[in-house]
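The file protein19.txt contains compact mmCIF, N, CA and C atoms:
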# COMPACT_ATOMS: atom_id res chain seq x y z
N MET A 1 -18.13 5.42 -8.82
CA MET A 1 -18.16 5.07 -7.41
C MET A 1 -17.54 3.71 -7.16
N THR A 2 -17.86 2.75 -8.02
CA THR A 2 -17.32 1.42 -7.84
C THR A 2 -15.80 1.44 -7.97
N SER A 3 -15.28 2.23 -8.89
CA SER A 3 -13.83 2.27 -9.08
C SER A 3 -13.13 2.83 -7.83
N GLU A 4 -13.74 3.81 -7.17
CA GLU A 4 -13.17 4.34 -5.93
C GLU A 4 -13.17 3.26 -4.85
N LEU A 5 -14.24 2.51 -4.77
CA LEU A 5 -14.34 1.44 -3.79
C LEU A 5 -13.30 0.37 -4.07
N ILE A 6 -13.15 -0.01 -5.32
CA ILE A 6 -12.18 -1.03 -5.68
C ILE A 6 -10.76 -0.54 -5.37
N THR A 7 -10.48 0.71 -5.67
CA THR A 7 -9.17 1.29 -5.35
C THR A 7 -8.91 1.21 -3.84
N THR A 8 -9.91 1.52 -3.05
CA THR A 8 -9.78 1.46 -1.60
C THR A 8 -9.52 0.03 -1.14
N LEU A 9 -10.22 -0.93 -1.73
CA LEU A 9 -10.02 -2.33 -1.37
C LEU A 9 -8.61 -2.80 -1.75
N VAL A 10 -8.14 -2.41 -2.92
CA VAL A 10 -6.79 -2.79 -3.35
C VAL A 10 -5.76 -2.20 -2.39
N GLN A 11 -5.92 -0.93 -2.04
CA GLN A 11 -4.99 -0.29 -1.11
C GLN A 11 -5.00 -0.99 0.24
N ALA A 12 -6.18 -1.35 0.72
CA ALA A 12 -6.29 -2.04 2.00
C ALA A 12 -5.63 -3.42 1.94
N ARG A 13 -5.82 -4.12 0.82
CA ARG A 13 -5.20 -5.45 0.66
C ARG A 13 -3.69 -5.32 0.68
N LYS A 14 -3.17 -4.37 -0.05
CA LYS A 14 -1.72 -4.19 -0.11
C LYS A 14 -1.17 -3.75 1.24
N ALA A 15 -1.87 -2.87 1.93
CA ALA A 15 -1.43 -2.41 3.25
C ALA A 15 -1.39 -3.56 4.24
N ALA A 16 -2.32 -4.50 4.08
CA ALA A 16 -2.37 -5.67 4.96
C ALA A 16 -1.40 -6.76 4.51
N ARG A 17 -0.73 -6.51 3.39
CA ARG A 17 0.23 -7.47 2.82
C ARG A 17 -0.41 -8.83 2.57
N ILE A 18 -1.58 -8.77 1.95
CA ILE A 18 -2.32 -9.96 1.57
C ILE A 18 -2.28 -10.07 0.06
N THR A 19 -1.94 -11.24 -0.45
CA THR A 19 -1.92 -11.43 -1.90
C THR A 19 -3.34 -11.60 -2.41
N GLN A 20 -3.50 -11.45 -3.71
CA GLN A 20 -4.81 -11.69 -4.31
C GLN A 20 -5.27 -13.11 -4.04
N ALA A 21 -4.34 -14.06 -4.10
CA ALA A 21 -4.68 -15.46 -3.85
C ALA A 21 -5.15 -15.67 -2.42
N ASP A 22 -4.47 -15.04 -1.46
CA ASP A 22 -4.88 -15.16 -0.05
C ASP A 22 -6.24 -14.53 0.17
N LEU A 23 -6.44 -13.35 -0.41
CA LEU A 23 -7.73 -12.68 -0.28
C LEU A 23 -8.84 -13.55 -0.86
N ALA A 24 -8.58 -14.10 -2.02
CA ALA A 24 -9.58 -14.96 -2.68
C ALA A 24 -9.94 -16.14 -1.80
N GLU A 25 -8.92 -16.80 -1.26
CA GLU A 25 -9.17 -17.98 -0.43
C GLU A 25 -9.98 -17.62 0.81
N ARG A 26 -9.60 -16.55 1.48
CA ARG A 26 -10.30 -16.14 2.70
C ARG A 26 -11.72 -15.66 2.43
N ALA A 27 -11.94 -15.11 1.23
CA ALA A 27 -13.26 -14.58 0.88
C ALA A 27 -14.14 -15.62 0.20
N GLY A 28 -13.57 -16.80 -0.10
CA GLY A 28 -14.35 -17.82 -0.78
C GLY A 28 -14.57 -17.50 -2.25
N LEU A 29 -13.59 -16.81 -2.84
CA LEU A 29 -13.66 -16.42 -4.25
C LEU A 29 -12.50 -17.07 -5.01
N SER A 30 -12.57 -17.04 -6.31
CA SER A 30 -11.43 -17.51 -7.10
C SER A 30 -10.41 -16.38 -7.18
N ARG A 31 -9.15 -16.75 -7.36
CA ARG A 31 -8.11 -15.74 -7.51
C ARG A 31 -8.41 -14.88 -8.74
N MET A 32 -8.94 -15.52 -9.79
CA MET A 32 -9.27 -14.80 -11.02
C MET A 32 -10.37 -13.76 -10.76
N ALA A 33 -11.32 -14.08 -9.90
CA ALA A 33 -12.39 -13.13 -9.59
C ALA A 33 -11.82 -11.90 -8.90
N VAL A 34 -10.89 -12.12 -7.97
CA VAL A 34 -10.27 -10.99 -7.27
C VAL A 34 -9.44 -10.18 -8.26
N GLN A 35 -8.65 -10.86 -9.07
CA GLN A 35 -7.80 -10.16 -10.04
C GLN A 35 -8.63 -9.33 -11.01
N ARG A 36 -9.68 -9.92 -11.56
CA ARG A 36 -10.50 -9.21 -12.55
C ARG A 36 -11.28 -8.07 -11.90
N THR A 37 -11.66 -8.23 -10.64
CA THR A 37 -12.33 -7.15 -9.92
C THR A 37 -11.37 -5.98 -9.72
N GLU A 38 -10.16 -6.29 -9.26
CA GLU A 38 -9.19 -5.24 -8.99
C GLU A 38 -8.74 -4.51 -10.25
N THR A 39 -8.68 -5.20 -11.37
CA THR A 39 -8.24 -4.56 -12.62
C THR A 39 -9.38 -3.88 -13.35
N GLY A 40 -10.61 -4.06 -12.89
CA GLY A 40 -11.76 -3.44 -13.53
C GLY A 40 -12.25 -4.17 -14.75
N ASP A 41 -11.81 -5.41 -14.92
CA ASP A 41 -12.24 -6.20 -16.08
C ASP A 41 -13.68 -6.68 -15.97
N VAL A 42 -14.23 -6.66 -14.75
CA VAL A 42 -15.62 -7.08 -14.55
C VAL A 42 -16.32 -6.04 -13.70
N ASP A 43 -17.63 -6.04 -13.78
CA ASP A 43 -18.46 -5.23 -12.89
C ASP A 43 -18.89 -6.18 -11.77
N PRO A 44 -18.20 -6.13 -10.63
CA PRO A 44 -18.43 -7.15 -9.60
C PRO A 44 -19.79 -7.03 -8.93
N ARG A 45 -20.23 -8.15 -8.43
CA ARG A 45 -21.45 -8.18 -7.63
C ARG A 45 -21.16 -7.52 -6.28
N PHE A 46 -22.20 -6.99 -5.70
CA PHE A 46 -22.05 -6.38 -4.37
C PHE A 46 -21.52 -7.42 -3.39
N SER A 47 -22.01 -8.65 -3.49
CA SER A 47 -21.59 -9.70 -2.56
C SER A 47 -20.09 -9.99 -2.68
N THR A 48 -19.53 -9.87 -3.89
CA THR A 48 -18.09 -10.07 -4.07
C THR A 48 -17.32 -8.98 -3.35
N LEU A 49 -17.72 -7.74 -3.54
CA LEU A 49 -17.07 -6.62 -2.87
C LEU A 49 -17.23 -6.73 -1.35
N GLN A 50 -18.39 -7.17 -0.93
CA GLN A 50 -18.67 -7.31 0.49
C GLN A 50 -17.74 -8.35 1.13
N GLU A 51 -17.53 -9.46 0.46
CA GLU A 51 -16.65 -10.50 0.99
C GLU A 51 -15.20 -10.04 1.01
N MET A 52 -14.78 -9.34 -0.02
CA MET A 52 -13.43 -8.80 -0.05
C MET A 52 -13.24 -7.83 1.12
N ALA A 53 -14.21 -6.95 1.32
CA ALA A 53 -14.14 -5.98 2.41
C ALA A 53 -14.12 -6.67 3.76
N ARG A 54 -14.93 -7.70 3.93
CA ARG A 54 -14.98 -8.42 5.21
C ARG A 54 -13.60 -8.96 5.58
N VAL A 55 -12.93 -9.59 4.61
CA VAL A 55 -11.60 -10.14 4.86
C VAL A 55 -10.62 -9.04 5.26
N LEU A 56 -10.81 -7.85 4.72
CA LEU A 56 -9.93 -6.72 4.99
C LEU A 56 -10.37 -5.90 6.20
N ASN A 57 -11.27 -6.48 7.01
CA ASN A 57 -11.79 -5.81 8.21
C ASN A 57 -12.45 -4.49 7.90
N MET A 58 -13.20 -4.48 6.80
CA MET A 58 -13.96 -3.30 6.39
C MET A 58 -15.42 -3.71 6.28
N GLU A 59 -16.28 -2.72 6.27
CA GLU A 59 -17.71 -2.98 6.11
C GLU A 59 -18.25 -2.05 5.03
N LEU A 60 -18.99 -2.64 4.09
CA LEU A 60 -19.63 -1.82 3.06
C LEU A 60 -21.00 -1.41 3.55
N ILE A 61 -21.31 -0.16 3.34
CA ILE A 61 -22.61 0.36 3.75
C ILE A 61 -23.23 1.06 2.55
N ALA A 62 -24.43 0.67 2.21
CA ALA A 62 -25.15 1.31 1.11
C ALA A 62 -25.87 2.54 1.66
N VAL A 63 -25.62 3.69 1.03
CA VAL A 63 -26.22 4.94 1.46
C VAL A 63 -27.11 5.46 0.33
N PRO A 64 -28.37 5.74 0.63
CA PRO A 64 -29.24 6.30 -0.41
C PRO A 64 -28.64 7.60 -0.95
N ALA A 65 -28.77 7.80 -2.24
CA ALA A 65 -28.17 8.98 -2.90
C ALA A 65 -28.59 10.29 -2.23
N GLU A 66 -29.84 10.39 -1.81
CA GLU A 66 -30.31 11.64 -1.22
C GLU A 66 -29.68 11.92 0.14
N LEU A 67 -29.03 10.93 0.75
CA LEU A 67 -28.37 11.14 2.04
C LEU A 67 -26.86 11.24 1.92
N HIS A 68 -26.33 11.12 0.72
CA HIS A 68 -24.88 11.11 0.53
C HIS A 68 -24.21 12.36 1.08
N ALA A 69 -24.75 13.54 0.80
CA ALA A 69 -24.15 14.79 1.27
C ALA A 69 -24.11 14.85 2.80
N GLN A 70 -25.19 14.41 3.45
CA GLN A 70 -25.23 14.43 4.91
C GLN A 70 -24.23 13.46 5.51
N VAL A 71 -24.09 12.30 4.91
CA VAL A 71 -23.14 11.30 5.41
C VAL A 71 -21.71 11.82 5.23
N GLN A 72 -21.42 12.42 4.08
CA GLN A 72 -20.08 12.98 3.85
C GLN A 72 -19.78 14.07 4.88
N ALA A 73 -20.75 14.93 5.15
CA ALA A 73 -20.56 16.00 6.14
C ALA A 73 -20.30 15.41 7.52
N LEU A 74 -21.01 14.38 7.88
CA LEU A 74 -20.81 13.72 9.16
C LEU A 74 -19.41 13.11 9.26
N ILE A 75 -18.96 12.47 8.20
CA ILE A 75 -17.63 11.87 8.18
C ILE A 75 -16.56 12.95 8.32
N GLN A 76 -16.72 14.04 7.58
CA GLN A 76 -15.74 15.13 7.65
C GLN A 76 -15.73 15.78 9.03
N ALA A 77 -16.91 15.95 9.61
CA ALA A 77 -16.98 16.54 10.95
C ALA A 77 -16.30 15.62 11.96
N GLN A 78 -16.50 14.33 11.84
CA GLN A 78 -15.88 13.37 12.75
C GLN A 78 -14.37 13.35 12.58
N ALA A 79 -13.92 13.42 11.33
CA ALA A 79 -12.48 13.45 11.05
C ALA A 79 -11.85 14.70 11.66
N GLY A 80 -12.53 15.82 11.58
CA GLY A 80 -12.04 17.06 12.19
C GLY A 80 -11.99 16.96 13.70
N HIS A 81 -12.99 16.32 14.26
CA HIS A 81 -13.06 16.15 15.71
C HIS A 81 -11.96 15.20 16.19
N ASP A 82 -11.68 14.15 15.45
CA ASP A 82 -10.66 13.17 15.82
C ASP A 82 -9.25 13.75 15.78
N SER A 83 -9.05 14.78 14.95
CA SER A 83 -7.70 15.36 14.83
C SER A 83 -7.40 16.35 15.95
N LEU A 84 -8.38 16.64 16.78
CA LEU A 84 -8.14 17.59 17.90
C LEU A 84 -7.35 16.96 19.00
Would you encode the structure as structure tokens?
Amino acid sequence: MTSELITTLVQARKAARITQADLAERAGLSRMAVQRTETGDVDPRFSTLQEMARVLNMELIAVPAELHAQVQALIQAQAGHDSL
């Protein structure tokens, strides 16, 4: 799960044309922390991921495992509704 989240954050950073150094500065992290998080060299703290997401105009939401299927269904239903 964390790897999927990190992949999403990397894609969002690149789409926003923000360098690792810029992301680090805006998030109050070291460039090395961002680099090691993105490459999977460390198991990042939730707060690190949260700050990276904040800079990228994203929000992390913790969902209890027992509600994961319902949340996924809601997201898919909304995506289907938005495409109409």
Identify which of the residues A:Gln20, A:Glu4, A:Asn57, A:Leu49 lies closest to Met32 in chain A, counting only N, CA and C atoms when measuring atom-to-atom distances.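 Comparing A:Gln20, A:Glu4, A:Asn57, A:Leu49 against Met32 in chain A, the winner is A:Gln20.
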Find the residue from A:Pro64, A:Arg26, A:Ala69, A:Met52 that sits nearest to Glu38 in chain A; use only C-alpha atoms when measuring.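 Ranking A:Pro64, A:Arg26, A:Ala69, A:Met52 by distance to Glu38 in chain A, first place goes to A:Met52.
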Take every atom of range 56-66 of chain A listed in the file, pad by 5 Å on each side, and give me the axis-aligned box centre and edge lengths in Å, one decimal, as AutoDock Vina command-line options.
--center_x -20.1 --center_y 2.0 --center_z 2.7 --size_x 30.4 --size_y 29.8 --size_z 21.1
So that I can check the surroundings of Asp22 in chain A, please list as number ranges by chain every protein, DNA and RNA residue that reaches within 10 Å of it, counting only C-alpha atoms and ignoring chain neighbours fewer than 4 positions away. A: 13, 17-18, 26-31, 34, 55
Any idea what the distance is between CA of Thr39 in chain A and CA of Lys14 in chain A?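 CA of Lys14 in chain A lies 14.1 Å from CA of Thr39 in chain A.
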Taking the partial coordinates given, rebuild range 68-79 of chain A to contain all heavy atoms; return it as a PDB file, in the coordinates of the input.
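The result, stored in result-v9.pdb:
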ATOM      1  N   HIS A  68     -26.330  11.120   0.720  1.00  0.00           N
ATOM      2  CA  HIS A  68     -24.880  11.110   0.530  1.00  0.00           C
ATOM      3  C   HIS A  68     -24.210  12.360   1.080  1.00  0.00           C
ATOM      4  O   HIS A  68     -23.196  12.282   1.778  1.00  0.00           O
ATOM      5  CB  HIS A  68     -24.559  10.937  -0.962  1.00  0.00           C
ATOM      6  CG  HIS A  68     -23.112  10.707  -1.212  1.00  0.00           C
ATOM      7  ND1 HIS A  68     -22.276  11.698  -1.658  1.00  0.00           N
ATOM      8  CD2 HIS A  68     -22.345   9.598  -1.059  1.00  0.00           C
ATOM      9  CE1 HIS A  68     -21.052  11.211  -1.780  1.00  0.00           C
ATOM     10  NE2 HIS A  68     -21.064   9.941  -1.425  1.00  0.00           N
ATOM     11  N   ALA A  69     -24.750  13.540   0.800  1.00  0.00           N
ATOM     12  CA  ALA A  69     -24.150  14.790   1.270  1.00  0.00           C
ATOM     13  C   ALA A  69     -24.110  14.850   2.800  1.00  0.00           C
ATOM     14  O   ALA A  69     -23.105  15.259   3.389  1.00  0.00           O
ATOM     15  CB  ALA A  69     -24.894  15.995   0.707  1.00  0.00           C
ATOM     16  N   GLN A  70     -25.190  14.410   3.450  1.00  0.00           N
ATOM     17  CA  GLN A  70     -25.230  14.430   4.910  1.00  0.00           C
ATOM     18  C   GLN A  70     -24.230  13.460   5.510  1.00  0.00           C
ATOM     19  O   GLN A  70     -23.577  13.768   6.510  1.00  0.00           O
ATOM     20  CB  GLN A  70     -26.652  14.105   5.428  1.00  0.00           C
ATOM     21  CG  GLN A  70     -27.662  15.182   5.144  1.00  0.00           C
ATOM     22  CD  GLN A  70     -28.415  14.945   3.839  1.00  0.00           C
ATOM     23  OE1 GLN A  70     -27.911  14.333   2.905  1.00  0.00           O
ATOM     24  NE2 GLN A  70     -29.628  15.456   3.776  1.00  0.00           N
ATOM     25  N   VAL A  71     -24.090  12.300   4.910  1.00  0.00           N
ATOM     26  CA  VAL A  71     -23.140  11.300   5.410  1.00  0.00           C
ATOM     27  C   VAL A  71     -21.710  11.820   5.230  1.00  0.00           C
ATOM     28  O   VAL A  71     -20.886  11.707   6.139  1.00  0.00           O
ATOM     29  CB  VAL A  71     -23.334   9.939   4.713  1.00  0.00           C
ATOM     30  CG1 VAL A  71     -22.210   8.975   5.048  1.00  0.00           C
ATOM     31  CG2 VAL A  71     -24.685   9.341   5.101  1.00  0.00           C
ATOM     32  N   GLN A  72     -21.420  12.420   4.080  1.00  0.00           N
ATOM     33  CA  GLN A  72     -20.080  12.980   3.850  1.00  0.00           C
ATOM     34  C   GLN A  72     -19.780  14.070   4.880  1.00  0.00           C
ATOM     35  O   GLN A  72     -18.670  14.144   5.402  1.00  0.00           O
ATOM     36  CB  GLN A  72     -19.977  13.553   2.433  1.00  0.00           C
ATOM     37  CG  GLN A  72     -19.809  12.495   1.366  1.00  0.00           C
ATOM     38  CD  GLN A  72     -18.495  11.761   1.502  1.00  0.00           C
ATOM     39  OE1 GLN A  72     -18.434  10.688   2.092  1.00  0.00           O
ATOM     40  NE2 GLN A  72     -17.450  12.323   0.968  1.00  0.00           N
ATOM     41  N   ALA A  73     -20.750  14.930   5.150  1.00  0.00           N
ATOM     42  CA  ALA A  73     -20.560  16.000   6.140  1.00  0.00           C
ATOM     43  C   ALA A  73     -20.300  15.410   7.520  1.00  0.00           C
ATOM     44  O   ALA A  73     -19.434  15.908   8.261  1.00  0.00           O
ATOM     45  CB  ALA A  73     -21.785  16.914   6.160  1.00  0.00           C
ATOM     46  N   LEU A  74     -21.010  14.380   7.880  1.00  0.00           N
ATOM     47  CA  LEU A  74     -20.810  13.720   9.160  1.00  0.00           C
ATOM     48  C   LEU A  74     -19.410  13.110   9.260  1.00  0.00           C
ATOM     49  O   LEU A  74     -18.719  13.269  10.271  1.00  0.00           O
ATOM     50  CB  LEU A  74     -21.870  12.638   9.372  1.00  0.00           C
ATOM     51  CG  LEU A  74     -21.792  11.853  10.673  1.00  0.00           C
ATOM     52  CD1 LEU A  74     -22.009  12.772  11.864  1.00  0.00           C
ATOM     53  CD2 LEU A  74     -22.822  10.737  10.668  1.00  0.00           C
ATOM     54  N   ILE A  75     -18.960  12.470   8.200  1.00  0.00           N
ATOM     55  CA  ILE A  75     -17.630  11.870   8.180  1.00  0.00           C
ATOM     56  C   ILE A  75     -16.560  12.950   8.320  1.00  0.00           C
ATOM     57  O   ILE A  75     -15.615  12.812   9.091  1.00  0.00           O
ATOM     58  CB  ILE A  75     -17.422  11.040   6.897  1.00  0.00           C
ATOM     59  CG1 ILE A  75     -18.316   9.804   6.932  1.00  0.00           C
ATOM     60  CG2 ILE A  75     -15.960  10.663   6.714  1.00  0.00           C
ATOM     61  CD1 ILE A  75     -18.403   9.060   5.614  1.00  0.00           C
ATOM     62  N   GLN A  76     -16.720  14.040   7.580  1.00  0.00           N
ATOM     63  CA  GLN A  76     -15.740  15.130   7.650  1.00  0.00           C
ATOM     64  C   GLN A  76     -15.730  15.780   9.030  1.00  0.00           C
ATOM     65  O   GLN A  76     -14.668  16.117   9.552  1.00  0.00           O
ATOM     66  CB  GLN A  76     -16.011  16.158   6.564  1.00  0.00           C
ATOM     67  CG  GLN A  76     -15.692  15.627   5.175  1.00  0.00           C
ATOM     68  CD  GLN A  76     -16.093  16.592   4.072  1.00  0.00           C
ATOM     69  OE1 GLN A  76     -16.760  17.589   4.307  1.00  0.00           O
ATOM     70  NE2 GLN A  76     -15.676  16.274   2.852  1.00  0.00           N
ATOM     71  N   ALA A  77     -16.910  15.950   9.610  1.00  0.00           N
ATOM     72  CA  ALA A  77     -16.980  16.540  10.950  1.00  0.00           C
ATOM     73  C   ALA A  77     -16.300  15.620  11.960  1.00  0.00           C
ATOM     74  O   ALA A  77     -15.557  16.094  12.841  1.00  0.00           O
ATOM     75  CB  ALA A  77     -18.438  16.773  11.345  1.00  0.00           C
ATOM     76  N   GLN A  78     -16.500  14.330  11.840  1.00  0.00           N
ATOM     77  CA  GLN A  78     -15.880  13.370  12.750  1.00  0.00           C
ATOM     78  C   GLN A  78     -14.370  13.350  12.580  1.00  0.00           C
ATOM     79  O   GLN A  78     -13.621  13.309  13.542  1.00  0.00           O
ATOM     80  CB  GLN A  78     -16.446  11.960  12.533  1.00  0.00           C
ATOM     81  CG  GLN A  78     -15.910  10.936  13.509  1.00  0.00           C
ATOM     82  CD  GLN A  78     -16.276  11.236  14.950  1.00  0.00           C
ATOM     83  OE1 GLN A  78     -17.392  11.620  15.252  1.00  0.00           O
ATOM     84  NE2 GLN A  78     -15.327  11.056  15.854  1.00  0.00           N
ATOM     85  N   ALA A  79     -13.920  13.420  11.330  1.00  0.00           N
ATOM     86  CA  ALA A  79     -12.480  13.450  11.050  1.00  0.00           C
ATOM     87  C   ALA A  79     -11.850  14.700  11.660  1.00  0.00           C
ATOM     88  O   ALA A  79     -10.759  14.638  12.226  1.00  0.00           O
ATOM     89  CB  ALA A  79     -12.217  13.399   9.551  1.00  0.00           C
TER      90      ALA A  79
END
